[in-house]
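J.: Next comes upload21.cif, mmCIF, C-alpha atoms:
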data_query
loop_
_atom_site.label_atom_id
_atom_site.label_comp_id
_atom_site.auth_asym_id
_atom_site.auth_seq_id
_atom_site.Cartn_x
_atom_site.Cartn_y
_atom_site.Cartn_z
CA MET U 19 -45.21 -89.58 6.82
CA PRO U 20 -46.75 -89.62 10.32
CA LEU U 21 -47.28 -86.13 11.70
CA ILE U 22 -44.93 -86.80 14.58
CA LEU U 23 -42.13 -87.33 12.06
CA LEU U 24 -43.14 -84.18 10.20
CA ILE U 25 -42.95 -82.19 13.40
CA ALA U 26 -39.65 -83.86 14.24
CA CYS U 27 -38.20 -82.86 10.89
CA LEU U 28 -39.54 -79.34 11.26
CA GLY U 29 -38.19 -79.07 14.79
CA LEU U 30 -34.73 -80.26 13.80
CA GLN U 31 -34.41 -78.07 10.81
CA SER U 32 -33.62 -74.48 11.45
CA PRO U 33 -31.95 -71.83 9.37
CA PRO U 34 -30.57 -68.39 9.98
CA ALA U 35 -31.75 -65.28 8.29
CA VAL U 36 -29.04 -63.44 10.12
CA GLN U 37 -29.66 -59.76 10.75
CA GLN U 38 -26.66 -57.48 10.97
CA PRO U 39 -26.95 -54.70 13.54
CA ALA U 40 -27.45 -51.28 12.01
CA ALA U 41 -24.47 -49.00 11.90
CA SER U 42 -24.39 -46.69 14.88
CA THR U 43 -23.29 -43.08 14.93
CA THR U 44 -22.85 -43.18 18.70
CA SER U 45 -20.21 -44.91 20.77
CA PRO U 46 -19.74 -48.58 19.88
CA VAL U 47 -21.62 -51.19 21.89
CA VAL U 48 -19.44 -53.27 24.18
CA LEU U 49 -20.38 -56.87 23.40
CA PRO U 50 -20.62 -59.27 26.34
CA LEU U 51 -18.89 -62.63 26.12
CA ALA U 52 -21.24 -65.28 24.73
CA ARG U 53 -20.60 -67.67 27.60
CA GLY U 54 -21.47 -64.89 30.02
CA VAL U 55 -24.75 -64.31 28.17
CA PHE U 56 -25.59 -68.01 28.42
CA SER U 57 -24.62 -68.08 32.08
CA ARG U 58 -27.11 -65.30 32.79
CA TYR U 59 -29.72 -67.16 30.72
CA ILE U 60 -29.25 -70.33 32.79
CA ASN U 61 -29.69 -68.29 35.96
CA ALA U 62 -32.82 -66.65 34.51
CA VAL U 63 -34.51 -70.01 33.94
CA GLY U 64 -33.72 -71.32 37.42
CA GLY U 65 -30.02 -72.09 37.73
CA ARG U 66 -27.81 -75.08 37.03
CA VAL U 67 -28.78 -77.02 40.16
CA ALA U 68 -32.52 -76.85 39.45
CA ILE U 69 -31.92 -77.86 35.83
CA TRP U 70 -29.66 -80.75 36.82
CA ASP U 71 -32.19 -82.01 39.38
CA LEU U 72 -35.01 -82.09 36.82
CA GLU U 73 -35.85 -85.77 36.36
CA SER U 74 -39.08 -85.65 34.41
CA PHE U 75 -41.92 -83.54 33.14
CA THR U 76 -45.25 -83.85 31.41
CA ALA U 77 -47.01 -81.35 29.18
CA ASN U 78 -50.19 -81.03 27.14
CA ALA U 79 -50.32 -78.71 24.16
CA THR U 80 -52.58 -77.51 21.38
CA LEU U 81 -51.16 -77.46 17.84
CA GLY U 82 -52.13 -75.01 15.14
CA ILE U 83 -50.94 -74.21 11.62
CA GLU U 84 -51.03 -70.57 10.60
CA GLY U 85 -53.61 -69.78 7.93
CA THR U 86 -55.63 -72.96 8.47
CA GLU U 87 -58.29 -74.17 10.85
CA ALA U 88 -56.37 -77.37 11.48
CA GLU U 89 -55.88 -78.07 15.16
CA GLY U 90 -54.42 -80.95 17.10
CA LYS U 91 -53.39 -82.05 20.56
CA MET U 92 -49.99 -83.19 21.75
CA ASP U 93 -49.09 -84.96 24.99
CA LEU U 94 -45.44 -85.11 26.03
CA ALA U 95 -43.91 -87.12 28.86
CA PHE U 96 -40.22 -87.64 29.56
CA ARG U 97 -38.30 -89.15 32.44
CA LYS U 98 -34.60 -89.85 32.94
CA PRO U 99 -32.80 -91.63 31.54
CA ASP U 100 -34.68 -92.84 28.42
CA LEU U 101 -38.37 -93.03 29.25
CA MET U 102 -40.62 -91.10 26.89
CA ARG U 103 -44.08 -90.94 25.40
CA ILE U 104 -45.15 -88.51 22.68
CA ARG U 105 -48.69 -88.60 21.33
CA VAL U 106 -50.21 -86.40 18.62
CA ASP U 107 -53.95 -86.45 17.96
CA LEU U 108 -55.26 -84.74 14.83
CA GLY U 109 -58.83 -85.97 15.20
CA GLN U 110 -60.16 -87.32 11.92
CA MET U 111 -56.69 -87.06 10.37
CA GLY U 112 -55.37 -89.73 12.73
CA THR U 113 -52.98 -90.13 15.64
CA SER U 114 -49.34 -90.96 16.16
CA GLU U 115 -47.52 -92.19 19.25
CA VAL U 116 -43.84 -92.83 19.96
CA GLY U 117 -42.77 -94.32 23.27
CA SER U 118 -39.97 -96.02 25.12
CA ASP U 119 -39.74 -97.75 28.49
CA GLY U 120 -35.95 -97.59 28.42
CA GLU U 121 -35.57 -101.13 27.07
CA ILE U 122 -37.74 -101.12 23.96
CA ALA U 123 -39.18 -98.36 21.78
CA TRP U 124 -42.24 -98.33 19.57
CA GLU U 125 -44.41 -96.31 17.23
CA ILE U 126 -48.17 -96.61 16.72
CA VAL U 127 -49.89 -94.76 13.88
CA THR U 128 -53.64 -94.52 13.20
CA THR U 129 -54.57 -93.14 9.78
CA ASP U 130 -57.66 -91.15 8.83
CA ASP U 131 -59.50 -94.32 7.78
CA GLY U 132 -58.94 -95.94 11.19
CA THR U 133 -56.16 -98.28 10.08
CA GLU U 134 -53.67 -98.85 12.91
CA SER U 135 -50.08 -99.98 12.52
CA GLU U 136 -47.57 -100.80 15.24
CA GLU U 137 -43.85 -101.33 14.96
CA LEU U 138 -40.81 -101.62 17.17
CA ILE U 139 -38.14 -98.99 16.54
CA ASP U 140 -34.52 -98.70 17.61
CA LEU U 141 -33.81 -97.07 20.95
CA SER U 142 -31.44 -94.72 19.13
CA ASP U 143 -34.37 -93.61 16.97
CA SER U 144 -36.51 -92.88 20.03
CA ARG U 145 -33.66 -90.87 21.59
CA GLU U 146 -33.45 -88.80 18.42
CA ARG U 147 -37.20 -88.16 18.59
CA ARG U 148 -36.75 -87.09 22.20
CA ARG U 149 -33.96 -84.67 21.32
CA THR U 150 -36.11 -83.24 18.55
CA LEU U 151 -39.42 -82.85 20.35
CA ASN U 152 -38.28 -82.18 23.90
CA TRP U 153 -38.15 -78.46 23.22
CA PHE U 154 -37.75 -77.67 26.91
CA GLU U 155 -34.57 -79.69 27.10
CA LEU U 156 -33.40 -78.07 23.85
CA ALA U 157 -33.95 -74.61 25.32
CA ILE U 158 -32.42 -75.31 28.71
CA ARG U 159 -29.34 -77.11 27.36
CA ILE U 160 -28.94 -74.92 24.32
CA ASN U 161 -25.16 -74.54 24.67
CA ALA U 162 -24.45 -78.15 25.66
CA ASP U 163 -23.06 -79.18 22.25
CA ALA U 164 -21.40 -75.88 21.40
CA ARG U 165 -17.91 -75.84 19.90
CA VAL U 166 -17.88 -72.11 19.18
CA LEU U 167 -19.89 -69.35 20.86
CA LYS U 168 -19.55 -65.72 19.81
CA THR U 169 -21.67 -62.66 20.48
CA ILE U 170 -22.38 -61.02 17.11
CA GLY U 171 -24.08 -57.91 18.37
CA PRO U 172 -27.38 -56.41 19.48
CA ALA U 173 -30.41 -57.42 17.43
CA ASP U 174 -34.19 -57.26 17.46
CA PHE U 175 -36.22 -60.47 17.63
CA GLU U 176 -40.01 -60.15 17.54
CA GLY U 177 -39.79 -56.73 19.15
CA HIS U 178 -37.39 -57.81 21.90
CA ALA U 179 -33.97 -56.21 22.27
CA CYS U 180 -31.60 -59.18 22.21
CA TRP U 181 -28.00 -60.26 22.07
CA GLU U 182 -27.42 -62.31 18.93
CA VAL U 183 -25.03 -65.19 19.56
CA GLN U 184 -23.43 -67.35 16.90
CA LYS U 185 -23.19 -71.00 17.89
CA ILE U 186 -21.34 -73.67 15.94
CA ASN U 187 -22.02 -77.13 17.27
CA ARG U 188 -19.77 -80.16 17.27
CA ALA U 189 -21.15 -81.23 13.90
CA GLY U 190 -20.01 -77.91 12.41
CA LEU U 191 -23.56 -76.55 11.94
CA GLU U 192 -24.31 -72.92 12.71
CA GLU U 193 -27.19 -71.47 14.70
CA ARG U 194 -28.03 -67.91 15.63
CA ILE U 195 -29.47 -67.59 19.13
CA PHE U 196 -31.30 -64.53 20.44
CA ILE U 197 -31.17 -63.86 24.19
CA ASP U 198 -33.22 -61.01 25.67
CA ARG U 199 -30.91 -58.18 26.81
CA ASN U 200 -33.18 -57.34 29.76
CA SER U 201 -34.64 -60.62 31.05
CA TYR U 202 -31.90 -62.87 29.56
CA LEU U 203 -34.57 -65.35 28.45
CA LEU U 204 -34.34 -67.17 25.13
CA ARG U 205 -36.37 -65.47 22.41
CA GLY U 206 -35.40 -67.35 19.27
CA ILE U 207 -33.13 -69.67 17.30
CA ARG U 208 -32.44 -69.45 13.55
CA MET U 209 -30.62 -72.00 11.43
CA ILE U 210 -30.15 -72.98 7.80
CA GLU U 211 -31.10 -76.53 6.87
CA SER U 212 -30.44 -78.41 3.67
CA SER U 213 -32.92 -80.68 1.90
CA ILE U 214 -33.45 -82.17 -1.54
CA GLY U 215 -35.08 -78.92 -2.62
CA GLY U 216 -32.16 -76.80 -1.43
CA GLU U 217 -31.45 -74.72 1.64
CA TYR U 218 -34.13 -73.02 3.68
CA GLU U 219 -34.43 -71.13 6.95
CA VAL U 220 -36.14 -72.35 10.09
CA THR U 221 -36.94 -70.05 12.98
CA MET U 222 -38.00 -71.19 16.44
CA SER U 223 -39.67 -68.54 18.64
CA PHE U 224 -39.97 -69.10 22.39
CA ARG U 225 -42.81 -67.03 23.86
CA ASN U 226 -44.89 -66.48 26.98
CA TRP U 227 -42.34 -67.36 29.66
CA LYS U 228 -43.93 -68.15 33.03
CA PRO U 229 -42.73 -69.84 36.24
CA VAL U 230 -43.22 -73.57 36.67
CA LYS U 231 -41.36 -73.89 39.94
CA PRO U 232 -38.47 -74.23 40.33
CA LEU U 233 -37.94 -73.20 36.68
CA MET U 234 -39.04 -70.46 34.32
CA LEU U 235 -40.40 -72.05 31.10
CA PHE U 236 -41.90 -70.85 27.83
CA HIS U 237 -45.55 -71.73 27.23
CA GLU U 238 -45.72 -71.09 23.49
CA LEU U 239 -43.43 -72.20 20.69
CA ALA U 240 -43.65 -71.22 17.03
CA ILE U 241 -41.66 -73.07 14.37
CA SER U 242 -41.53 -71.31 10.99
CA ALA U 243 -40.12 -72.82 7.80
CA GLN U 244 -40.83 -72.39 4.11
CA GLU U 245 -43.71 -69.93 4.65
CA MET U 246 -45.46 -72.24 7.10
CA GLU U 247 -45.71 -71.74 10.84
CA LEU U 248 -46.56 -74.41 13.40
CA THR U 249 -47.66 -73.04 16.79
CA VAL U 250 -47.50 -75.12 19.96
CA VAL U 251 -49.39 -73.65 22.91
CA PHE U 252 -48.82 -75.50 26.18
CA ASP U 253 -52.04 -75.79 28.12
CA SER U 254 -50.34 -77.43 31.10
CA ILE U 255 -46.80 -78.24 32.21
CA SER U 256 -45.83 -80.28 35.27
CA LEU U 257 -42.38 -80.93 36.68
CA ASP U 258 -43.65 -83.49 39.18
CA LYS U 259 -42.21 -86.96 38.78
CA ALA U 260 -44.01 -88.72 35.96
CA ALA U 261 -45.44 -92.09 37.04
CA PRO U 262 -43.48 -95.06 35.60
CA ASP U 263 -46.78 -96.64 34.46
CA LEU U 264 -47.10 -93.81 31.97
CA PHE U 265 -44.24 -95.31 29.95
CA LEU U 266 -45.38 -98.93 29.86
CA PRO U 267 -45.85 -100.29 26.33
CA PRO U 268 -49.43 -101.10 25.28
CA GLN U 269 -50.48 -104.73 24.87
CA SER U 270 -50.15 -104.63 21.07
CA ILE U 271 -46.45 -103.72 21.45
CA ILE U 272 -45.91 -106.41 24.08
CA ASP U 273 -47.35 -108.91 21.59
CA LEU U 274 -44.85 -107.71 18.96
CA VAL U 275 -41.99 -108.17 21.41
CA ASN U 276 -43.14 -111.69 22.24
CA GLU U 277 -43.42 -112.54 18.56
CA ALA U 278 -39.87 -111.34 18.00
CA VAL U 279 -38.45 -113.67 20.66
CA PRO U 280 -37.38 -116.93 18.99
CA THR U 281 -38.91 -120.09 20.40
CA PRO U 282 -36.20 -122.38 21.84
CA PRO U 283 -35.92 -125.67 19.95
CA THR U 284 -37.35 -128.76 21.64
CA THR U 285 -35.14 -131.80 22.14
CA ASP U 286 -36.41 -135.37 22.22
CA GLN U 287 -35.27 -137.25 25.28
CA ALA U 288 -34.75 -140.97 25.23
CA PRO U 289 -37.00 -142.91 27.60
#
Kindly transcribe the structure held in the file into C-alpha cells.

T.:
Amino acid sequence: MPLILLIACLGLQSPPAVQQPAASTTSPVVLPLARGVFSRYINAVGGRVAIWDLESFTANATLGIEGTEAEGKMDLAFRKPDLMRIRVDLGQMGTSEVGSDGEIAWEIVTTDDGTESEELIDLSDSRERRRTLNWFELAIRINADARVLKTIGPADFEGHACWEVQKINRAGLEERIFIDRNSYLLRGIRMIESSIGGEYEVTMSFRNWKPVKPLMLFHELAISAQEMELTVVFDSISLDKAAPDLFLPPQSIIDLVNEAVPTPPTTDQAP
C-alpha cells in the first residue's frame, strides 16, 4: 500500500479512550454549551470570515515515526474548489503523489527499486484523500458534520486543561474533542475505529499553535494508533494563493488521459 494511503487510513481512523472527570468534593463544575465552546474555538483561530475567505494554502512538513529513525517529507497544496497535490517522499523507500486539477485526478507511486506507476483515479477518491490529509481543514471545520454536540466535562489532554466534547457526526460515529479551557484552541481528537482485526483507538494531537495571518494554526500533528505514533512537523505554511500551475498534471498523466480518449471512427467518402 502506498504510504500516502497508509497515512490516509491512519488519519481517518480515530478512537476514543474516553476519560471520565474525577469526582469532585467541591461545588460542581458548570459545563458550557458545546456549541458555545466551538464558537470560542472558531474565534480563537481567526473567526468565521477569515476561515470562509481562505481559498488555498501550501505546506511542507517532516514526517517521523516514534521509535524509528525513519524520516520523510510531505508537501501539501490545496485550492478551492477541488485542486490538490499531496506528495510524500521517503527517500530510498519511494515516493507517492496524489493530485487533481479539478477535472481529472491521478496517483503516481515510485517504489524502492525505482519502478514508477501512474494511474487515473476518480475525483471522488481524490476528494476523500483531501478530506483525510487536509488536517487544517479538518481542525477548522471540526463541527461542520456534527449531528450531536455535548460537553462531557473538564478533562486533561497532554497536560492541558480542556473541555471534553462528545461529537456524533451524520454517519452516527462518535468522536471526543478536547478544547483548551484557557486558549480555546483544539488540543486533541479521539475516536474508535473498526478494522478486520477489531476495534482500536486513534488519537490526534494538535500542538505548537502559532499565527499564520490571518489565522492561528497548529504546526505539529501527532497521530497515534495501535502503539505507533506518526509525527508531522510543519516546516512552513503559507496562506497565499497557490499558483494554478502547481496543480497541472505531469506529462505522463496527460498521456494516460489521451490514451483513454477513444479515437473517432473514420468514414470513407465516395469520390

J.: Name the residues that the PyMOL selection byres ((chain U and resi 111) around 7) picks from the file above, as a compact mmCIF listing (two decimals) with C-alpha atoms, keeping the file's coordinate frame, using the file's chain letters and numbers.

T.:
# COMPACT_ATOMS: atom_id res chain seq x y z
CA LEU U 108 -55.26 -84.74 14.83
CA GLY U 109 -58.83 -85.97 15.20
CA GLN U 110 -60.16 -87.32 11.92
CA GLY U 112 -55.37 -89.73 12.73
CA THR U 129 -54.57 -93.14 9.78
CA ASP U 130 -57.66 -91.15 8.83

J.: Of the candidates U:Ser74, U:Thr86, U:Thr128, U:Ser57, which shows the shortest atom-to-atom distance to U:Met246, using all atoms listed in the file?

T.: U:Thr86

J.: Translate the PyMOL selection byres ((chain U and resi 236) around 12), as applied to the file shown, into an explicit residue set as a count of residues only.

T.: 33

J.: From the options U:Asn152, U:Gly215, U:Gly120, U:Asn61, which residue's atoms come nearest to U:Asp140, counting only C-alpha atoms?

T.: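 The shortest atom-to-atom distance to U:Asp140 comes from U:Gly120.
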
J.: Provide the atom CA of U:Leu257 to atom CA of U:Leu72 distance in Å, to one decimal place.

T.: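 Interatomic distance here is 7.5 Å.
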
J.: Can you give me, as a compact mmCIF listing (two decimals) with C-alpha atoms, keeping the file's coordinate frame, the residues this file yields under the PyMOL selection byres ((chain U and resi 265) around 12)?

T.:
# COMPACT_ATOMS: atom_id res chain seq x y z
CA SER U 74 -39.08 -85.65 34.41
CA THR U 76 -45.25 -83.85 31.41
CA LEU U 94 -45.44 -85.11 26.03
CA ALA U 95 -43.91 -87.12 28.86
CA PHE U 96 -40.22 -87.64 29.56
CA ARG U 97 -38.30 -89.15 32.44
CA LYS U 98 -34.60 -89.85 32.94
CA ASP U 100 -34.68 -92.84 28.42
CA LEU U 101 -38.37 -93.03 29.25
CA MET U 102 -40.62 -91.10 26.89
CA ARG U 103 -44.08 -90.94 25.40
CA ILE U 104 -45.15 -88.51 22.68
CA ARG U 105 -48.69 -88.60 21.33
CA GLU U 115 -47.52 -92.19 19.25
CA VAL U 116 -43.84 -92.83 19.96
CA GLY U 117 -42.77 -94.32 23.27
CA SER U 118 -39.97 -96.02 25.12
CA ASP U 119 -39.74 -97.75 28.49
CA GLY U 120 -35.95 -97.59 28.42
CA GLU U 121 -35.57 -101.13 27.07
CA ILE U 122 -37.74 -101.12 23.96
CA ALA U 123 -39.18 -98.36 21.78
CA TRP U 124 -42.24 -98.33 19.57
CA ALA U 260 -44.01 -88.72 35.96
CA ALA U 261 -45.44 -92.09 37.04
CA PRO U 262 -43.48 -95.06 35.60
CA ASP U 263 -46.78 -96.64 34.46
CA LEU U 264 -47.10 -93.81 31.97
CA LEU U 266 -45.38 -98.93 29.86
CA PRO U 267 -45.85 -100.29 26.33
CA PRO U 268 -49.43 -101.10 25.28

J.: Return as JSON the box centre and box size in Å, one decimal, for an axis-aligned box around all listed atoms of stretch 257-264 of chain U padded by 8 Å per side.

T.:
{"center_x": -44.7, "center_y": -88.8, "center_z": 35.6, "size_x": 20.9, "size_y": 31.7, "size_z": 23.2}

J.: Mind giving me the straight-line distance from atom CA of U:Glu134 to atom CA of U:Asp273 in Å, one decimal?

T.: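 Result for atom CA of U:Glu134 versus atom CA of U:Asp273: 14.7 Å, one decimal.
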
J.: Which one of U:Ser213, U:Pro232, U:Val220, U:Asp131 sits closest to U:Trp70 if you count only C-alpha atoms?

T.: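 Result for the nearest residue to U:Trp70: U:Pro232.
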
J.: Applying 10 Å and all atoms listed in the file, which residues near U:Asp163 remain after dropping the ones on its own chain fewer than 4 positions away? List them as a list in words.

T.: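 Listed by chain and then number, they are Arg159, Lys185, Ile186, Asn187, Arg188 and Ala189 of chain U.
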
J.: Taking (-27.6, -57.2, 27.2) in the file's own coordinates, collect the residues within 7 Å, counting only C-alpha atoms, and hand them back as a ChimeraX atom specification.

T.: /U:180-181,198-200

J.: Calculated over only C-alpha atoms, which of the candidates U:Arg145, U:Lys231, U:Arg208, U:Arg165 has the smallest distance to U:Phe75?

T.: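 Ranked by minimum distance to U:Phe75, first place goes to U:Lys231.
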
J.: Using all atoms listed in the file, find the one residue out of U:Arg148, U:Lys259, U:Arg66, U:Arg53 that sits nearest to U:Leu167.

T.: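 Residue with the minimum atom-to-atom distance to U:Leu167: U:Arg53.
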
J.: Would you work out the distance separating atom CA of U:Glu192 from atom CA of U:Arg147, expressed in Å to one decimal?

T.: 20.8 Å

J.: With a distance cut-off of 8 Å and all atoms listed in the file, select the neighbouring residues of stretch 136-139 of chain U, excluding the residue or stretch itself and same-chain residues fewer than 6 positions from it, and output the selection as a list in words.

T.: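 In the requested form, the answer reads Ile122, Ala123, Trp124, Glu125, Ile126, Val127, Ser270, Ile271, Leu274 and Val275 of chain U.
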
J.: Taking into account only C-alpha atoms, which residue in the set U:Ser144, U:Ser135, U:Ser201, U:Thr169 is nearest to U:Val48?

T.: U:Thr169

J.: Excluding U:Gly171 and any residue of its chain fewer than 6 positions from it, enumerate the residues within 9 Å of it, using all atoms listed in the file, and give them as a JSON list (two decimals) with C-alpha atoms, in the coordinates of the input.

T.:
[["chain", "number", "residue", "atom", "x", "y", "z"],
["U", 38, "GLN", "CA", -26.66, -57.48, 10.97],
["U", 39, "PRO", "CA", -26.95, -54.70, 13.54],
["U", 47, "VAL", "CA", -21.62, -51.19, 21.89],
["U", 48, "VAL", "CA", -19.44, -53.27, 24.18],
["U", 49, "LEU", "CA", -20.38, -56.87, 23.40],
["U", 50, "PRO", "CA", -20.62, -59.27, 26.34],
["U", 180, "CYS", "CA", -31.60, -59.18, 22.21],
["U", 181, "TRP", "CA", -28.00, -60.26, 22.07],
["U", 182, "GLU", "CA", -27.42, -62.31, 18.93],
["U", 183, "VAL", "CA", -25.03, -65.19, 19.56]]
